[in-house]
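K.L.:
There's a structure below that I have some questions on.
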Amino acid sequence: MRTVVQKDKSRVGGTGGRTVRGGLAVLAVTALAAGCTHNPTDARPATVRRPFLAPAARALDAYATRLRAAHTARVAAAKRWHLKQVPLTAPPPPAKKPRITTREGFEVDGHEELGLPPVFTTVPTKEKIVFLTVDDGAEKDPAFLRMMRELKVPYTAFLTGFLIKEDYGYFKKMQADGVTLNNHTLHHPYLPGLSRAGQKREICGMQKILARHYDKRPTLFRPPYGSYDEDTLRVAKSCGIAYAPLWAEEVFADHWEYRERDRDLHPGDIVLSHFRGRRHWNGTMCDMVRRFLDKVTAEGYAVARLEDYL
Ligand SMILES: [Zn+2]
């Protein structure tokens, strides 16, 4: 049996000076101003008719108004949270989802034949998008929830049982904001070191906890430390897991780390971060989000919702 262990990551600081690009294109629609029928020679009081807008034009006008309002709110939120730039808006979800396959070198025996959940670090796409994933659940910073809600930046959570049980409510709020809560085991063990039964308790046990508290069984699972073997994926599949996303980059409050040697972002990259605060990090979760957004925006990337591509 093959055990896949994530390679050591080198620490890299700084984000590099990149050219600033992009910005939300705001659709400006000029309302059709139909002339009024007032005839100055007419002694009768002027009758001002409402400008006529065909239903399609009205809908477009309402759409443009909504878009402008959303952009204004985004600009204000970016300023409030001290971002260097307004985050870019992700393209609409793909009409046809990409085929997700296991990254080369990350397969276990019988991976494809057994239909085991694919293990991947990047989603195949040509769009300049990245995905943010946040793990574990140790820090429960209310400011992080506010920041993400106001900036409308999507992310996906991978939760560990023993860390969330002290405050299930915090993640309930996150779920209400549209965040998917996924499986990161009960106790965060090194899974290849456990028997198949032990792995099953960790993974399928967490499925039950999430279903009980959040009314939803996740289909995404991330093995702690990115380490897994064939048993891990067999067991995960047996309790409803369809995907095992890993990550291409990791962002902290004060630096980035990269899996690839080019130390760069790529379309479809999955970025890892953690629920951590000053106790563990040189900064807060909001500092992490700032570091994340300032780099991805400066490099012309928008943040998309991982679930939209799976
Ligand atoms: Zn973890």
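To be explicit about the labels: the chains of the structure tokens are called A, B, and onward in the order shown, and within each one the residues are counted from 1, while ligands get numbers from 1 in the order they are shown.
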I'd like the contact shell of range 265-270 of chain A - 9 Å cut-off, only C-alpha atoms, skipping same-chain residues fewer than 6 positions apart - returned as an mmCIF file with N, CA and C atoms, in the first residue's frame.
P.N.:
```
data_model
loop_
_atom_site.group_PDB
_atom_site.id
_atom_site.type_symbol
_atom_site.label_atom_id
_atom_site.label_comp_id
_atom_site.auth_asym_id
_atom_site.auth_seq_id
_atom_site.Cartn_x
_atom_site.Cartn_y
_atom_site.Cartn_z
ATOM 1 N N PHE A 120 -6.542 16.297 -5.439
ATOM 2 C CA PHE A 120 -6.060 17.304 -6.388
ATOM 3 C C PHE A 120 -5.676 18.588 -5.649
ATOM 4 N N THR A 121 -4.873 19.390 -6.298
ATOM 5 C CA THR A 121 -4.392 20.631 -5.675
ATOM 6 C C THR A 121 -4.850 21.855 -6.473
ATOM 7 N N THR A 122 -5.291 21.604 -7.717
ATOM 8 C CA THR A 122 -5.714 22.668 -8.616
ATOM 9 C C THR A 122 -6.915 22.150 -9.393
ATOM 10 N N VAL A 123 -7.879 23.010 -9.633
ATOM 11 C CA VAL A 123 -9.061 22.642 -10.424
ATOM 12 C C VAL A 123 -8.780 23.032 -11.876
ATOM 13 N N PRO A 124 -9.023 22.129 -12.831
ATOM 14 C CA PRO A 124 -8.744 22.509 -14.223
ATOM 15 C C PRO A 124 -9.674 23.625 -14.711
ATOM 16 N N THR A 125 -9.108 24.761 -15.004
ATOM 17 C CA THR A 125 -9.863 25.906 -15.535
ATOM 18 C C THR A 125 -8.886 26.871 -16.200
ATOM 19 N N LYS A 126 -9.403 27.637 -17.142
ATOM 20 C CA LYS A 126 -8.573 28.664 -17.772
ATOM 21 C C LYS A 126 -8.822 30.027 -17.142
ATOM 22 N N GLU A 127 -9.862 30.094 -16.305
ATOM 23 C CA GLU A 127 -10.213 31.365 -15.669
ATOM 24 C C GLU A 127 -9.146 31.751 -14.647
ATOM 25 N N LYS A 128 -8.947 33.044 -14.504
ATOM 26 C CA LYS A 128 -7.997 33.511 -13.478
ATOM 27 C C LYS A 128 -8.717 33.578 -12.135
ATOM 28 N N ILE A 129 -8.874 32.377 -11.564
ATOM 29 C CA ILE A 129 -9.546 32.265 -10.263
ATOM 30 C C ILE A 129 -8.715 31.371 -9.348
ATOM 31 N N VAL A 130 -8.848 31.601 -8.058
ATOM 32 C CA VAL A 130 -8.300 30.686 -7.056
ATOM 33 C C VAL A 130 -9.411 30.406 -6.045
ATOM 34 N N PHE A 131 -9.199 29.377 -5.229
ATOM 35 C CA PHE A 131 -10.191 28.982 -4.226
ATOM 36 C C PHE A 131 -9.549 29.073 -2.850
ATOM 37 N N LEU A 132 -10.275 29.610 -1.886
ATOM 38 C CA LEU A 132 -9.754 29.695 -0.519
ATOM 39 C C LEU A 132 -10.401 28.610 0.337
ATOM 40 N N THR A 133 -9.565 27.873 1.049
ATOM 41 C CA THR A 133 -10.070 26.841 1.962
ATOM 42 C C THR A 133 -9.451 27.094 3.336
ATOM 43 N N PRO A 245 -9.857 17.403 -1.837
ATOM 44 C CA PRO A 245 -8.996 18.495 -2.294
ATOM 45 C C PRO A 245 -7.841 18.762 -1.332
ATOM 46 N N LEU A 246 -6.639 18.881 -1.885
ATOM 47 C CA LEU A 246 -5.492 19.328 -1.083
ATOM 48 C C LEU A 246 -5.281 20.804 -1.400
ATOM 49 N N TRP A 247 -4.054 21.248 -1.586
ATOM 50 C CA TRP A 247 -3.830 22.688 -1.826
ATOM 51 C C TRP A 247 -2.544 22.897 -2.602
ATOM 52 N N ALA A 248 -2.499 24.027 -3.301
ATOM 53 C CA ALA A 248 -1.314 24.385 -4.080
ATOM 54 C C ALA A 248 -0.474 25.438 -3.360
ATOM 55 N N GLU A 249 -1.152 26.289 -2.573
ATOM 56 C CA GLU A 249 -0.447 27.310 -1.799
ATOM 57 C C GLU A 249 -1.057 27.338 -0.407
ATOM 58 N N GLU A 250 -0.276 27.885 0.510
ATOM 59 C CA GLU A 250 -0.813 28.103 1.858
ATOM 60 C C GLU A 250 -0.533 29.542 2.263
ATOM 61 N N TYR A 258 4.447 27.853 -0.974
ATOM 62 C CA TYR A 258 4.040 27.331 -2.289
ATOM 63 C C TYR A 258 4.425 25.866 -2.442
ATOM 64 N N VAL A 296 -3.772 38.034 -4.475
ATOM 65 C CA VAL A 296 -4.529 37.479 -5.604
ATOM 66 C C VAL A 296 -5.107 38.607 -6.477
ATOM 67 N N GLU A 299 -2.507 40.221 -8.662
ATOM 68 C CA GLU A 299 -2.083 39.367 -9.779
ATOM 69 C C GLU A 299 -3.226 39.063 -10.743
ATOM 70 N N TYR A 301 -6.310 37.805 -10.100
ATOM 71 C CA TYR A 301 -7.162 36.647 -9.813
ATOM 72 C C TYR A 301 -8.391 37.050 -8.999
ATOM 73 N N ALA A 304 -13.124 32.317 -6.377
ATOM 74 C CA ALA A 304 -14.363 31.632 -6.758
ATOM 75 C C ALA A 304 -14.731 30.596 -5.697
ATOM 76 N N LEU A 306 -15.338 26.949 -4.552
ATOM 77 C CA LEU A 306 -14.855 25.625 -4.971
ATOM 78 C C LEU A 306 -16.013 24.703 -5.380
#
```
K.L.:
For range 139-232 of chain A versus range 50-70 of chain A, which residues have an atom no more than 12 Å away, and what is each residue's nearest atom pair and distance in Å rounded to one decimal, using only C-alpha atoms, chain-then-number order, as a Markdown table?
P.N.:
```
| residue | atom | partner | partner_atom | distance |
| --- | --- | --- | --- | --- |
| A:Glu150 | CA | A:Ala70 | CA | 10.6 |
| A:Leu151 | CA | A:Ala70 | CA | 10.2 |
| A:Lys152 | CA | A:Ala70 | CA | 9.9 |
```
K.L.:
Go ahead and save the picked residues with C-alpha atoms, as a short mmCIF file (atom, residue, chain, number, x, y, z; two decimals), in the first residue's frame.
P.N.:
```cif
data_model
loop_
_atom_site.label_atom_id
_atom_site.label_comp_id
_atom_site.auth_asym_id
_atom_site.auth_seq_id
_atom_site.Cartn_x
_atom_site.Cartn_y
_atom_site.Cartn_z
CA GLU A 150 -19.00 42.15 3.91
CA LEU A 151 -16.41 41.47 1.22
CA LYS A 152 -18.51 38.59 -0.19
#
```
K.L.:
Check range 73-189 of chain A with DSSP on the backbone and list each residue it calls helix (DSSP H, G or I), as a VMD selection string.
P.N.:
chain A and resid 73 to 80 142 to 151 161 to 164 168 to 176
K.L.:
Collect all residues with atoms no farther than 9 Å from ligand 1, counting only C-alpha atoms and all ligand atoms, and output them as a VMD selection string.
P.N.:
chain A and resid 135 to 137 158 to 160 184 to 185 188 to 189 222 to 226 274
K.L.:
Those residues with C-alpha atoms, as a tab-separated table (two decimals), in the first residue's frame please?
P.N.:
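Contents of the output file selection_19.tsv:
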```tsv
chain	number	residue	atom	x	y	z
A	135	ASP	CA	-8.98	24.31	8.02
A	136	ASP	CA	-9.37	22.94	11.52
A	137	GLY	CA	-11.46	25.47	13.47
A	158	PHE	CA	-12.69	21.82	6.57
A	159	LEU	CA	-13.50	21.21	10.21
A	160	THR	CA	-12.00	19.04	12.93
A	184	HIS	CA	-11.22	17.26	8.42
A	185	THR	CA	-11.61	14.28	10.82
A	188	HIS	CA	-6.75	15.45	13.28
A	189	PRO	CA	-4.57	12.30	13.33
A	222	ARG	CA	-9.26	16.85	3.48
A	223	PRO	CA	-6.85	14.48	5.22
A	224	PRO	CA	-4.84	16.11	8.04
A	225	TYR	CA	-1.33	17.09	6.91
A	226	GLY	CA	-2.42	16.10	3.39
A	274	HIS	CA	-6.28	27.89	8.96
```
K.L.:
If we count only C-alpha atoms, what is near Thr219 in chain A at a cut-off of 10 Å, once residues fewer than 4 positions away on the same chain are taken out, given as a ChimeraX atom specification?
P.N.:
/A:117,180-183,207,236-237,239-244,307,310
K.L.:
Interatomic distance between CA of Val251 in chain A and CA of Gln199 in chain A?
P.N.:
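Value for the CA of Val251 in chain A-CA of Gln199 in chain A distance: 27.9 Å.
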K.L.:
Among range 136-271 of chain A, which ones does DSSP place in strand (DSSP E or B), written as JSON, numbers by chain?
P.N.:
{"A": [136, 156, 157, 158, 159, 180, 181, 182, 183, 220, 221, 228, 243, 244, 245, 249, 250, 251, 256, 257, 258, 269, 270, 271]}
K.L.:
Contacts of Leu293 in chain A at 10 Å or less, counting only C-alpha atoms, minus same-chain residues fewer than 3 places along, as a list in words?
P.N.:
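Near Leu293 in chain A, the qualifying residues are Ala78, Leu83, Lys84, Gln85, Val86, Pro87, Leu88, Leu132, Val153, Asp287, Met288, Val289, Arg290, Val296, Thr297, Ala298, Glu299, Tyr301, Ala302 and Val303 of chain A.
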K.L.:
Which is closer to Met285 in chain A than all the others in A:Ala197, A:Leu191, A:Ile100, A:Leu145, using only C-alpha atoms?
P.N.:
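Checking each candidate against Met285 in chain A, we get A:Leu145 as the closest.
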K.L.:
Between CA of Ser238 in chain A and CA of Arg212 in chain A, what is the distance in Å, rounded to a tenth?
P.N.:
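Between CA of Ser238 in chain A and CA of Arg212 in chain A the gap works out to 18.2 Å.
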